[in-house]
file target.txt (compact mmCIF, C-alpha atoms and all ligand atoms)
# COMPACT_ATOMS: atom_id res chain seq x y z
CA MET A 144 79.47 102.08 108.60
CA THR A 145 76.59 104.47 107.83
CA GLU A 146 77.16 107.43 105.57
CA LEU A 147 75.44 110.53 106.94
CA THR A 148 75.30 114.01 105.41
CA SER A 149 76.90 115.66 102.37
CA THR A 150 79.87 117.96 103.11
CA PRO A 151 79.75 121.80 103.04
CA LYS A 152 82.04 123.72 100.62
CA PRO A 153 85.32 124.48 102.38
CA SER A 154 87.53 127.56 101.84
CA VAL A 155 91.30 126.97 101.82
CA ALA A 156 92.17 130.68 101.54
CA SER A 157 90.64 131.48 104.94
CA LEU A 158 92.77 128.91 106.79
CA PRO A 159 95.38 130.25 109.26
CA ILE A 160 98.17 127.99 107.96
CA GLN A 161 101.64 128.58 109.42
CA GLU A 162 104.87 127.50 107.72
CA ASN A 163 108.02 125.83 109.08
CA ILE A 164 106.81 125.55 112.65
CA SER A 165 108.53 123.67 115.49
CA LEU A 166 106.36 120.90 116.92
CA GLN A 167 108.21 120.91 120.26
CA ALA A 168 105.28 122.53 122.09
CA TYR A 169 102.80 120.13 120.47
CA ASN A 170 104.18 116.78 121.67
CA THR A 171 104.61 115.73 125.30
CA LEU A 172 108.05 114.17 124.65
CA SER A 173 109.06 117.72 123.69
CA ILE A 174 110.82 116.57 120.51
CA ALA A 175 111.92 119.54 118.42
CA VAL A 176 111.07 118.62 114.83
CA LEU A 177 109.74 121.02 112.19
CA ALA A 178 106.44 120.82 110.34
CA ARG A 179 106.29 122.19 106.79
CA TRP A 180 102.79 123.51 107.55
CA LEU A 181 100.61 123.64 110.66
CA VAL A 182 97.02 124.72 111.15
CA GLU A 183 94.81 124.91 114.21
CA VAL A 184 91.32 123.78 113.26
CA LYS A 185 88.33 124.98 115.30
CA ASP A 186 85.33 123.65 113.35
CA GLN A 187 84.33 121.07 110.76
CA GLU A 188 84.43 123.57 107.89
CA GLN A 189 88.07 124.44 108.65
CA LEU A 190 88.86 120.73 108.90
CA LEU A 191 87.43 120.10 105.44
CA ALA A 192 89.34 123.09 104.08
CA ALA A 193 92.54 121.69 105.60
CA LEU A 194 91.90 118.38 103.82
CA THR A 195 91.44 120.24 100.55
CA PHE A 196 94.82 121.92 101.16
CA VAL A 197 96.42 118.49 101.66
CA LYS A 198 94.93 117.31 98.36
CA GLN A 199 96.10 120.43 96.53
CA GLN A 200 99.64 120.11 97.88
CA GLN A 201 99.60 116.30 97.61
CA CYS A 202 101.39 116.28 100.94
CA PRO A 203 101.28 113.97 103.99
CA LEU A 204 98.83 114.71 106.80
CA LEU A 205 99.29 114.41 110.55
CA VAL A 206 96.37 115.01 112.93
CA LEU A 207 97.42 115.90 116.47
CA GLY A 208 95.32 116.27 119.60
CA GLY A 209 97.51 116.70 122.67
CA GLY A 210 100.56 115.01 121.11
CA SER A 211 100.80 112.71 124.16
CA ASN A 212 101.05 109.43 122.27
CA VAL A 213 103.46 110.17 119.43
CA VAL A 214 107.19 109.94 118.78
CA LEU A 215 108.14 112.48 116.12
CA ALA A 216 111.40 111.10 114.81
CA ASN A 217 111.81 113.38 111.79
CA ASP A 218 110.73 116.72 110.38
CA PHE A 219 107.25 116.43 108.88
CA SER A 220 107.00 117.44 105.23
CA GLY A 221 103.22 117.89 105.16
CA LEU A 222 100.39 119.59 107.03
CA VAL A 223 99.90 119.09 110.78
CA ILE A 224 96.29 119.64 111.83
CA LEU A 225 95.88 120.55 115.50
CA LEU A 226 92.31 119.51 116.21
CA LYS A 227 90.77 122.08 118.57
CA THR A 228 87.04 121.64 117.92
CA GLN A 229 84.99 122.26 121.07
CA GLY A 230 81.56 121.51 122.48
CA MET A 231 79.52 118.78 124.14
CA HIS A 232 75.84 118.07 124.60
CA ILE A 233 73.49 115.40 125.89
CA GLU A 234 72.13 113.61 122.87
CA ASP A 235 69.61 111.42 124.66
CA GLU A 236 68.79 110.34 128.20
CA THR A 237 66.71 107.97 130.26
CA ALA A 238 66.23 107.69 134.03
CA GLN A 239 69.29 105.37 134.14
CA ASP A 240 71.81 106.83 131.73
CA LEU A 241 72.60 109.40 129.05
CA LEU A 242 74.46 109.76 125.77
CA LEU A 243 77.11 112.48 125.91
CA SER A 244 78.31 113.77 122.54
CA ILE A 245 81.77 115.39 122.69
CA ALA A 246 83.77 117.21 120.02
CA ALA A 247 87.10 115.56 119.20
CA GLY A 248 89.15 118.63 120.16
CA GLU A 249 87.88 118.72 123.75
CA ASN A 250 90.43 117.86 126.44
CA TRP A 251 89.90 114.31 127.73
CA HIS A 252 90.60 115.01 131.43
CA ASP A 253 88.35 118.11 131.45
CA THR A 254 85.58 115.93 130.01
CA VAL A 255 86.09 113.34 132.77
CA MET A 256 85.97 116.04 135.46
CA TYR A 257 82.86 117.62 133.95
CA SER A 258 81.12 114.23 133.91
CA VAL A 259 81.95 113.38 137.53
CA GLN A 260 80.88 116.86 138.67
CA GLN A 261 77.49 116.11 137.12
CA GLY A 262 77.38 112.90 139.20
CA TRP A 263 77.67 110.67 136.13
CA SER A 264 79.62 107.42 136.28
CA GLY A 265 81.78 105.68 133.70
CA LEU A 266 84.82 107.89 133.16
CA GLU A 267 86.17 108.31 136.71
CA ASN A 268 88.99 105.73 136.40
CA LEU A 269 90.20 107.50 133.26
CA ALA A 270 90.95 110.81 134.98
CA LEU A 271 94.22 112.61 134.21
CA ILE A 272 94.92 110.82 130.93
CA PRO A 273 96.38 113.59 128.78
CA GLY A 274 95.19 114.39 125.30
CA SER A 275 92.01 114.90 123.35
CA VAL A 276 88.65 113.16 123.20
CA GLY A 277 89.19 112.44 119.49
CA ALA A 278 92.34 110.41 120.18
CA ALA A 279 90.77 108.32 122.96
CA PRO A 280 89.35 105.69 120.56
CA ILE A 281 92.65 105.33 118.67
CA GLN A 282 94.16 103.12 121.35
CA ASN A 283 90.96 102.50 123.34
CA ILE A 284 92.50 104.35 126.30
CA GLY A 285 92.48 102.47 129.54
CA ALA A 286 93.46 102.78 133.18
CA TYR A 287 92.63 101.06 136.49
CA GLY A 288 90.56 98.32 134.90
CA VAL A 289 88.39 100.55 132.70
CA GLU A 290 88.70 101.14 128.95
CA LEU A 291 86.99 103.62 126.67
CA VAL A 292 85.08 100.73 125.08
CA ASN A 293 83.18 100.23 128.37
CA CYS A 294 81.17 103.43 127.83
CA PHE A 295 81.61 103.94 124.09
CA GLU A 296 78.44 104.23 121.99
CA TYR A 297 79.56 105.52 118.57
CA LEU A 298 81.77 108.08 116.88
CA GLU A 299 81.64 110.27 113.84
CA GLY A 300 84.47 111.27 111.58
CA ILE A 301 85.66 112.17 108.10
CA ASP A 302 86.85 109.64 105.58
CA ILE A 303 90.03 111.39 104.39
CA ALA A 304 89.91 110.00 100.84
CA THR A 305 86.29 110.94 100.11
CA GLY A 306 85.55 113.76 102.59
CA GLU A 307 82.41 111.89 103.64
CA ILE A 308 81.16 112.17 107.20
CA THR A 309 80.72 108.67 108.53
CA ARG A 310 79.42 107.10 111.75
CA LEU A 311 81.18 104.09 113.28
CA ASN A 312 79.54 101.95 115.94
CA LYS A 313 81.35 100.02 118.65
CA SER A 314 81.82 96.89 116.56
CA ASP A 315 83.12 98.93 113.58
CA CYS A 316 85.90 100.29 115.82
CA GLU A 317 87.26 96.79 116.63
CA PHE A 318 88.42 97.81 120.09
CA SER A 319 90.74 95.56 122.09
CA TYR A 320 93.55 96.07 124.60
CA ARG A 321 95.15 99.44 123.58
CA GLU A 322 93.99 98.72 120.03
CA SER A 323 91.34 99.73 117.51
CA VAL A 324 90.63 99.68 113.79
CA PHE A 325 92.30 103.14 113.62
CA LYS A 326 95.71 101.53 114.21
CA HIS A 327 95.10 99.02 111.43
CA ARG A 328 92.58 99.04 108.55
CA LEU A 329 91.62 102.71 109.06
CA LYS A 330 95.13 103.92 109.98
CA ASP A 331 95.59 107.39 108.45
CA GLN A 332 92.24 106.98 106.64
CA PHE A 333 89.83 108.60 109.07
CA ILE A 334 89.65 111.72 111.28
CA ILE A 335 87.47 111.33 114.36
CA THR A 336 85.40 114.48 114.87
CA ARG A 337 82.92 113.51 117.61
CA VAL A 338 82.69 110.76 120.21
CA VAL A 339 79.45 109.67 121.90
CA LEU A 340 79.65 107.96 125.30
CA ARG A 341 76.95 106.27 127.40
CA LEU A 342 77.31 107.37 131.04
CA SER A 343 75.38 106.05 134.00
CA LYS A 344 73.39 108.23 136.35
CA SER A 345 74.02 105.80 139.21
CA PRO A 346 77.43 104.62 140.47
CA LYS A 347 79.05 101.82 138.47
CA HIS A 348 82.45 101.85 140.02
CA CYS A 349 85.39 99.61 139.19
CA LEU A 350 87.85 99.25 142.09
CA SER A 351 89.56 96.10 140.84
CA TYR A 352 93.08 97.58 140.79
CA PRO A 353 94.96 97.21 144.11
CA ALA A 354 96.22 100.81 144.15
CA LEU A 355 92.68 102.17 143.93
CA ARG A 356 91.22 99.62 146.37
CA ASP A 357 93.95 100.34 148.91
CA TYR A 358 93.33 104.07 148.60
CA PHE A 359 89.81 103.56 149.96
CA ALA A 360 90.67 100.78 152.43
CA ASP A 361 89.72 102.86 155.50
CA ILE A 362 86.61 104.48 154.00
CA ASP A 363 83.24 103.01 154.95
CA HIS A 364 80.86 105.49 153.24
CA SER A 365 79.67 105.08 149.65
CA LEU A 366 81.92 106.61 147.04
CA SER A 367 80.98 109.14 144.38
CA SER A 368 82.48 109.22 140.87
CA GLN A 369 84.26 112.38 141.94
CA ASP A 370 85.85 110.60 144.94
CA ILE A 371 87.21 107.97 142.58
CA ALA A 372 88.45 110.46 139.99
CA GLU A 373 90.27 112.36 142.75
CA ALA A 374 91.84 109.13 144.05
CA VAL A 375 92.99 108.23 140.53
CA MET A 376 94.50 111.69 140.17
CA ALA A 377 96.32 111.44 143.51
CA ILE A 378 97.73 107.98 142.72
CA ARG A 379 98.80 109.00 139.24
CA GLN A 380 100.43 112.22 140.46
CA SER A 381 102.45 110.24 143.02
CA LYS A 382 104.21 108.10 140.40
CA LEU A 383 103.74 109.47 136.88
CA PRO A 384 105.87 112.39 135.68
CA ASP A 385 103.91 115.43 134.48
CA PRO A 386 105.05 116.04 130.88
CA LYS A 387 105.24 119.77 131.68
CA ASP A 388 108.06 118.99 134.15
CA ILE A 389 109.64 115.90 132.58
CA PRO A 390 108.73 115.25 128.94
CA ASN A 391 107.23 111.77 128.38
CA ALA A 392 104.53 109.93 126.46
CA GLY A 393 103.12 107.82 129.30
CA SER A 394 103.70 104.07 129.10
CA PHE A 395 106.15 103.58 126.28
CA PHE A 396 105.61 99.85 125.86
CA LYS A 397 102.45 97.76 125.82
CA ASN A 398 102.10 94.99 128.37
CA PRO A 399 102.86 91.84 126.33
CA ILE A 400 100.07 89.29 126.05
CA VAL A 401 101.44 85.73 126.00
CA ASP A 402 99.95 82.26 126.01
CA MET A 403 99.81 79.95 129.02
CA ALA A 404 102.94 77.97 128.00
CA VAL A 405 105.11 81.08 127.70
CA PHE A 406 103.74 82.45 130.97
CA GLN A 407 104.37 79.19 132.85
CA ALA A 408 107.92 78.87 131.53
CA LEU A 409 108.73 82.45 132.56
CA LYS A 410 107.06 82.10 135.94
CA LYS A 411 109.15 78.99 136.64
CA GLN A 412 112.32 80.90 135.85
CA PHE A 413 111.22 84.17 137.53
CA PRO A 414 108.82 83.29 140.37
CA ASP A 415 108.14 86.94 141.29
CA LEU A 416 107.13 87.86 137.72
CA ILE A 417 103.92 89.97 137.72
CA ALA A 418 101.25 88.88 135.26
CA TYR A 419 97.44 88.96 135.01
CA PRO A 420 95.17 86.39 133.36
CA GLN A 421 93.32 87.69 130.29
CA GLY A 422 90.93 85.03 129.08
CA ASP A 423 93.09 82.15 127.86
CA TYR A 424 96.18 84.40 127.84
CA TYR A 425 98.39 86.24 130.32
CA LYS A 426 99.25 89.92 130.36
CA LEU A 427 102.82 90.40 131.58
CA ALA A 428 103.59 93.62 133.45
CA ALA A 429 106.15 95.16 131.08
CA GLY A 430 107.16 97.47 133.93
CA TRP A 431 108.30 94.42 135.91
CA LEU A 432 110.41 93.10 133.00
CA ILE A 433 112.08 96.50 132.52
CA ASP A 434 112.63 96.99 136.24
CA HIS A 435 114.12 93.53 136.77
CA ALA A 436 116.36 93.92 133.75
CA GLY A 437 117.88 96.94 135.50
CA TRP A 438 116.46 99.74 133.35
CA LYS A 439 114.21 101.47 135.89
CA GLY A 440 115.62 104.92 136.69
CA LYS A 441 118.62 104.26 134.42
CA MET A 442 119.83 107.19 132.29
CA VAL A 443 121.66 106.31 129.06
CA ASP A 444 122.95 109.08 126.77
CA GLY A 445 120.33 111.46 128.22
CA ALA A 446 117.22 109.25 128.00
CA CYS A 447 115.72 107.51 131.01
CA MET A 448 113.11 105.00 132.14
CA HIS A 449 111.33 106.79 134.99
CA ALA A 450 112.46 105.91 138.53
CA GLN A 451 108.86 105.74 139.86
CA GLN A 452 107.36 103.94 136.84
CA ALA A 453 109.63 101.72 134.75
CA LEU A 454 107.27 101.76 131.75
CA VAL A 455 107.57 105.51 131.20
CA LEU A 456 110.35 106.72 128.92
CA THR A 457 111.36 110.27 129.80
CA ASN A 458 113.19 112.84 127.73
CA PRO A 459 114.62 115.26 130.34
CA ASN A 460 117.46 116.36 128.08
CA GLY A 461 115.46 117.18 124.97
CA LEU A 462 116.86 114.38 122.82
CA SER A 463 115.73 113.89 119.24
CA GLY A 464 113.14 111.24 118.40
CA MET A 465 115.87 109.19 116.68
CA ALA A 466 118.10 109.28 119.78
CA LEU A 467 115.17 108.20 121.96
CA LEU A 468 114.44 105.31 119.60
CA GLN A 469 118.08 104.16 119.81
CA PHE A 470 117.73 103.98 123.60
CA VAL A 471 114.43 102.12 123.19
CA GLN A 472 116.05 99.57 120.87
CA LYS A 473 118.65 98.80 123.54
CA ILE A 474 115.89 98.04 126.05
CA GLN A 475 113.93 95.95 123.55
CA ALA A 476 117.03 93.91 122.68
CA ASP A 477 117.85 93.36 126.35
CA ILE A 478 114.30 92.24 127.25
CA GLN A 479 114.27 89.92 124.25
CA GLN A 480 117.58 88.43 125.29
CA LYS A 481 116.71 88.06 129.00
CA TYR A 482 113.08 86.92 128.76
CA GLY A 483 112.45 86.03 125.10
CA ILE A 484 109.70 88.69 125.08
CA THR A 485 109.22 91.31 122.37
CA LEU A 486 108.29 94.71 123.78
CA THR A 487 106.02 96.65 121.42
CA ILE A 488 106.06 100.44 121.42
CA GLU A 489 102.69 101.92 122.41
CA PRO A 490 102.87 105.50 120.99
CA ARG A 491 102.69 106.03 117.24
CA VAL A 492 106.19 106.53 115.79
CA TYR A 493 106.53 108.94 112.84
CA GLN A 494 109.90 108.46 111.09
P1 LIG A 501 98.00 112.43 119.94
O1 LIG A 501 99.28 112.05 120.59
O2 LIG A 501 97.84 113.81 119.47
O3 LIG A 501 97.73 111.41 118.74
C1 LIG A 501 97.93 110.03 118.91
C2 LIG A 501 97.59 109.33 117.58
O4 LIG A 501 96.20 109.47 117.32
C3 LIG A 501 98.30 109.97 116.38
O5 LIG A 501 98.59 108.94 115.46
C4 LIG A 501 97.27 110.92 115.81
O6 LIG A 501 97.42 111.16 114.44
C5 LIG A 501 95.97 110.17 116.08
N1 LIG A 501 94.84 111.07 116.31
C6 LIG A 501 94.73 112.02 117.27
N2 LIG A 501 93.52 112.61 117.19
C7 LIG A 501 92.87 112.03 116.17
C8 LIG A 501 91.58 112.20 115.58
N3 LIG A 501 90.71 113.10 116.06
N4 LIG A 501 91.24 111.43 114.52
C9 LIG A 501 92.10 110.51 114.02
N5 LIG A 501 93.34 110.30 114.53
C10 LIG A 501 93.71 111.05 115.60
N6 LIG A 501 96.98 106.24 127.57
C11 LIG A 501 96.12 105.34 128.11
O7 LIG A 501 95.48 104.57 127.36
N7 LIG A 501 95.97 105.22 129.45
C12 LIG A 501 96.62 106.02 130.32
O8 LIG A 501 96.43 105.91 131.53
C13 LIG A 501 97.54 106.98 129.79
N8 LIG A 501 98.26 107.77 130.62
C14 LIG A 501 99.16 108.65 130.10
C15 LIG A 501 99.91 109.43 130.98
C16 LIG A 501 100.82 110.33 130.49
C17 LIG A 501 101.63 111.16 131.46
C18 LIG A 501 100.98 110.48 129.10
C19 LIG A 501 101.95 111.51 128.55
C20 LIG A 501 100.26 109.70 128.22
C21 LIG A 501 99.33 108.77 128.70
N9 LIG A 501 98.57 107.95 127.86
C22 LIG A 501 97.68 107.06 128.38
C23 LIG A 501 98.74 108.04 126.40
C24 LIG A 501 97.90 109.18 125.76
O9 LIG A 501 97.59 110.17 126.69
C25 LIG A 501 96.59 108.66 125.17
O10 LIG A 501 96.85 107.70 124.18
C26 LIG A 501 95.76 109.79 124.54
O11 LIG A 501 94.53 109.30 124.11
C27 LIG A 501 96.45 110.48 123.37
O12 LIG A 501 95.71 111.63 123.06
P2 LIG A 501 96.34 112.81 122.22
O13 LIG A 501 95.24 113.77 121.88
O14 LIG A 501 97.49 113.40 122.90
O15 LIG A 501 96.80 112.02 120.92
P1 LIG A 502 99.80 99.68 138.35
O1 LIG A 502 98.48 99.93 138.99
O2 LIG A 502 101.05 99.80 139.17
O3 LIG A 502 99.78 98.25 137.66
C1 LIG A 502 100.96 97.76 137.01
C2 LIG A 502 100.54 96.96 135.81
O4 LIG A 502 99.80 95.84 136.26
C3 LIG A 502 99.68 97.77 134.89
O5 LIG A 502 100.31 97.77 133.67
C4 LIG A 502 98.33 97.06 134.87
O6 LIG A 502 97.90 96.74 133.55
C5 LIG A 502 98.55 95.77 135.60
N1 LIG A 502 97.50 95.54 136.61
C6 LIG A 502 97.47 95.99 137.89
N2 LIG A 502 96.39 95.52 138.53
C7 LIG A 502 95.71 94.77 137.66
C8 LIG A 502 94.50 94.01 137.72
N3 LIG A 502 93.77 93.95 138.84
N4 LIG A 502 94.09 93.39 136.60
C9 LIG A 502 94.80 93.46 135.48
N5 LIG A 502 95.95 94.15 135.34
C10 LIG A 502 96.41 94.78 136.42
O7 LIG A 502 99.96 100.59 137.05
P2 LIG A 502 100.35 102.11 136.90
O8 LIG A 502 101.57 102.20 136.13
O9 LIG A 502 100.28 102.82 138.22
O10 LIG A 502 99.18 102.65 135.98
C11 LIG A 502 97.87 102.68 136.49
C12 LIG A 502 96.89 102.56 135.34
O11 LIG A 502 97.06 103.67 134.47
C13 LIG A 502 97.12 101.31 134.49
O12 LIG A 502 95.88 100.82 134.09
C14 LIG A 502 97.90 101.82 133.30
O13 LIG A 502 97.64 101.07 132.12
C15 LIG A 502 97.38 103.23 133.17
N6 LIG A 502 98.42 104.09 132.57
C16 LIG A 502 98.60 104.01 131.22
C17 LIG A 502 99.54 104.80 130.60
C18 LIG A 502 99.70 104.77 129.10
O14 LIG A 502 100.36 105.62 128.56
N7 LIG A 502 99.12 103.82 128.43
C19 LIG A 502 100.34 105.65 131.35
C20 LIG A 502 100.15 105.67 132.72
C21 LIG A 502 99.19 104.88 133.33
P3 LIG A 502 97.21 97.77 132.53
O15 LIG A 502 98.29 98.72 132.13
O16 LIG A 502 96.76 96.89 131.43
O17 LIG A 502 96.08 98.43 133.23
call {"tool": "encode", "arguments": {"input": "target.txt", "output": "structure tokens", "more": "lines below"}}
Ligand code: FAD
Ligand code: NAP
result
Amino acid sequence: MTELTSTPKPSVASLPIQENISLQAYNTLSIAVLARWLVEVKDQEQLLAALTFVKQQQCPLLVLGGGSNVVLANDFSGLVILLKTQGMHIEDETAQDLLLSIAAGENWHDTVMYSVQQGWSGLENLALIPGSVGAAPIQNIGAYGVELVNCFEYLEGIDIATGEITRLNKSDCEFSYRESVFKHRLKDQFIITRVVLRLSKSPKHCLSYPALRDYFADIDHSLSSQDIAEAVMAIRQSKLPDPKDIPNAGSFFKNPIVDMAVFQALKKQFPDLIAYPQGDYYKLAAGWLIDHAGWKGKMVDGACMHAQQALVLTNPNGLSGMALLQFVQKIQADIQQKYGITLTIEPRVYQ
């Protein structure tokens, strides 16, 4: 960690803080909880002022980008900061690649589309992931064989306790599969304000996933980043529910990583089990476990695992976060009982 500059003096009085606001429009599961206070923050000065407010009130803090990876199970008694900081610029470039600096409040998918329109490569497989740039490092977002870490250079953010602006390099972030230091040691300690990515000026495509490979099976010309982003969008739109139509938070469970002995025992019992080697371990397709346990497309008390994608919990009937979690517990217990596997929830649960 490298400490950078001193912080400017913030002004709490100028903040547009709202009181007793529903968060239904601010989370993609469309859960209708109330926030005691909510503020939309457009620049670093407002962010620092919001942190001063939290200190003055001695209240909890919740930073939200697109609200696409949270389960809000209760009313929130503190301040919700909606991070809406904008802007991006090229920080450095060579003939081969460039460093793109992006404000945390920028929309992730818009950033991907901007980068592919420029002819840059690196982000194309990550098209159509909802949410903000600032949240992307939290779970090291990934899709179709590519993770944020593959093009990540560094990020900047605010240490909540001290107000200091701090830079974290790749190793500081401790990225792994859907994981980072921000889910552990720095959980609720740090607000990411800017992310810097290294993008290639020549194609560096990853077509390792069957769905993407099959999409281009009949194409014999070279592919652009934009071609790949558009293919990813088409595949995703064919199976994933748009939260605007059917509220959801994407994959609700992580794919469990198990050792060779567990994998072999399961494979013997369930020969069509889908799993992928990951170093010395195996990644089990959680969607397969849920599907084969009979939960795919099944509606229970108003909650449902999506018919086209068994990993996606949907909330078509506007259930509360608590009701959704009760449904989730039933699935977890069933998977544990049938396969001896613990399914871990991927979104952050706020109870
Ligand atoms: P939020 O839900 O707003 O926040 C998530 C967590 O990060 C919260 O704990 C929040 O406090 C924290 N946080 C947010 N911003 C900051 C910040 N600037 N600083 C510090 N903490 C912060 N994920 C994937 O990895 N791959 C996918 O392919 C994928 N597909 C999805 C498809 C759908 C339809 C949906 C609904 C979700 C999908 N997701 C996927 C999950 C989600 O989109 C990502 O995790 C995304 O990065 C969340 O961004 P967000 O801005 O909505 O985060
Ligand atoms: P898919 O392509 O049908 O694949 C099913 C599962 O098998 C995925 O979970 C994927 O793991 C794994 N997989 C497939 N091919 C693989 C390979 N060659 N090597 C290693 N693992 C492989 O999945 P999908 O549901 O349509 O989703 C497509 C991509 O978008 C996936 O990467 C998925 O993670 C991502 N996605 C994520 C979310 C989220 O909220 N986290 C939501 C929607 C989609 P991985 O999941 O590890 O890639």
call {"tool": "atom_distance", "arguments": {"input": "target.txt", "atom1": "CA of His449 in chain A", "atom2": "CA of Asp385 in chain A"}}
result
11.4 Å
call {"tool": "closest_residue", "arguments": {"input": "target.txt", "among": "A:Ile335, A:Leu166, A:Ile308, A:Ile281", "to": "Asn212 in chain A", "atoms": "only C-alpha atoms"}}
result
A:Ile281
call {"tool": "closest_residue", "arguments": {"input": "target.txt", "among": "A:Glu236, A:Glu267, A:Glu296, A:Asp370", "to": "ligand LIG 501 (chain A)", "atoms": "all atoms listed in the file"}}
result
A:Glu267
call {"tool": "residues_near_ligand", "arguments": {"input": "target.txt", "ligand": "ligand LIG 501 (chain A)", "cutoff": "8 Å", "atoms": "all atoms listed in the file", "output": "number ranges by chain"}}
result
A: 170-172, 205-213, 226, 247-248, 250-251, 269, 271-287, 290, 300, 321, 325, 331, 333-337, 383-386, 390-394, 490-492
call {"tool": "closest_residue", "arguments": {"input": "target.txt", "among": "A:Gln479, A:Gln167, A:Lys347, A:Lys397", "to": "Val259 in chain A", "atoms": "all atoms listed in the file"}}
result
A:Lys347
call {"tool": "residues_around", "arguments": {"input": "target.txt", "residues": "Val197 in chain A", "least_positions_apart": "2", "cutoff": "12 Å", "atoms": "all atoms listed in the file", "output": "list in words"}}
result
Val155, Ile160, Arg179, Trp180, Leu181, Val182, Leu190, Leu191, Ala192, Ala193, Leu194, Thr195, Gln199, Gln200, Gln201, Cys202, Pro203, Leu204, Leu205, Val206, Ser220, Gly221, Leu222, Val223, Ile224, Ile303, Ala304 and Gly306 of chain A
call {"tool": "closest_residue", "arguments": {"input": "target.txt", "among": "A:Lys481, A:Lys426, A:Arg356, A:Arg341", "to": "Ser258 in chain A", "atoms": "only C-alpha atoms"}}
result
A:Arg341
call {"tool": "atom_distance", "arguments": {"input": "target.txt", "atom1": "CA of Glu307 in chain A", "atom2": "CA of Lys185 in chain A"}}
result
18.5 Å
call {"tool": "atom_distance", "arguments": {"input": "target.txt", "atom1": "CA of Val455 in chain A", "atom2": "CA of Gly430 in chain A"}}
result
8.5 Å
call {"tool": "closest_residue", "arguments": {"input": "target.txt", "among": "A:Val324, A:Met465, A:Ala418, A:Leu266", "to": "ligand LIG 502 (chain A)", "atoms": "all atoms listed in the file"}}
result
A:Ala418
call {"tool": "axis_aligned_box", "arguments": {"input": "target.txt", "around": "ligand LIG 502 (chain A)", "padding_each_side": "6 Å", "output": "JSON"}}
result
{"center_x": 97.7, "center_y": 99.5, "center_z": 133.8, "size_x": 19.8, "size_y": 24.3, "size_z": 22.7}
call {"tool": "closest_residue", "arguments": {"input": "target.txt", "among": "A:Gly230, A:Pro420, A:Gly262, A:Pro159", "to": "ligand LIG 502 (chain A)", "atoms": "only C-alpha atoms and all ligand atoms"}}
result
A:Pro420
call {"tool": "residues_around", "arguments": {"input": "target.txt", "residues": "His327 in chain A", "least_positions_apart": "5", "cutoff": "10 Å", "atoms": "only C-alpha atoms", "output": "list in words"}}
result
Ile281, Glu317, Glu322 and Gln332 of chain A
call {"tool": "write_last_selection", "arguments": {"input": "target.txt", "atoms": "C-alpha atoms", "output": "mmCIF file, keeping the file's coordinate frame"}}
result
data_model
loop_
_atom_site.group_PDB
_atom_site.id
_atom_site.type_symbol
_atom_site.label_atom_id
_atom_site.label_comp_id
_atom_site.auth_asym_id
_atom_site.auth_seq_id
_atom_site.Cartn_x
_atom_site.Cartn_y
_atom_site.Cartn_z
ATOM 1 C CA ILE A 281 92.650 105.330 118.670
ATOM 2 C CA GLU A 317 87.260 96.790 116.630
ATOM 3 C CA GLU A 322 93.990 98.720 120.030
ATOM 4 C CA GLN A 332 92.240 106.980 106.640
#
call {"tool": "residues_around", "arguments": {"input": "target.txt", "residues": "range 242-245 of chain A", "least_positions_apart": "3", "cutoff": "6 Å", "atoms": "all atoms listed in the file", "output": "MDAnalysis selection string"}}
result
chainID A and resid 231:235 337:341
call {"tool": "residues_around", "arguments": {"input": "target.txt", "residues": "Ser381 in chain A", "least_positions_apart": "6", "cutoff": "12 Å", "atoms": "only C-alpha atoms", "output": "PyMOL selection string"}}
result
chain A and resi 354+374-375+450-452
call {"tool": "residues_around", "arguments": {"input": "target.txt", "residues": "Thr237 in chain A", "least_positions_apart": "4", "cutoff": "10 Å", "atoms": "only C-alpha atoms", "output": "PyMOL selection string"}}
result
chain A and resi 241-242+343-344
call {"tool": "write_last_selection", "arguments": {"input": "target.txt", "atoms": "C-alpha atoms", "output": "mmCIF file, in the frame of the given file"}}
result
data_model
loop_
_atom_site.group_PDB
_atom_site.id
_atom_site.type_symbol
_atom_site.label_atom_id
_atom_site.label_comp_id
_atom_site.auth_asym_id
_atom_site.auth_seq_id
_atom_site.Cartn_x
_atom_site.Cartn_y
_atom_site.Cartn_z
ATOM 1 C CA LEU A 241 72.600 109.400 129.050
ATOM 2 C CA LEU A 242 74.460 109.760 125.770
ATOM 3 C CA SER A 343 75.380 106.050 134.000
ATOM 4 C CA LYS A 344 73.390 108.230 136.350
#
call {"tool": "decode", "arguments": {"input": "target.txt", "residues": "range 303-307 of chain A", "atoms": "N, CA and C atoms", "output": "CSV table (one decimal), in the first residue's frame"}}
result
chain,number,residue,atom,x,y,z
A,303,ILE,N,-11.5,4.2,5.0
A,303,ILE,CA,-12.7,4.8,5.7
A,303,ILE,C,-12.3,5.3,7.1
A,304,ALA,N,-11.5,4.6,7.8
A,304,ALA,CA,-11.1,5.0,9.1
A,304,ALA,C,-10.3,6.3,9.1
A,305,THR,N,-9.4,6.4,8.2
A,305,THR,CA,-8.5,7.6,8.3
A,305,THR,C,-8.8,8.7,7.2
A,306,GLY,N,-9.6,8.3,6.2
A,306,GLY,CA,-9.8,9.3,5.1
A,306,GLY,C,-8.7,9.4,4.2
A,307,GLU,N,-7.6,8.6,4.3
A,307,GLU,CA,-6.5,8.7,3.4
A,307,GLU,C,-6.8,8.0,2.1
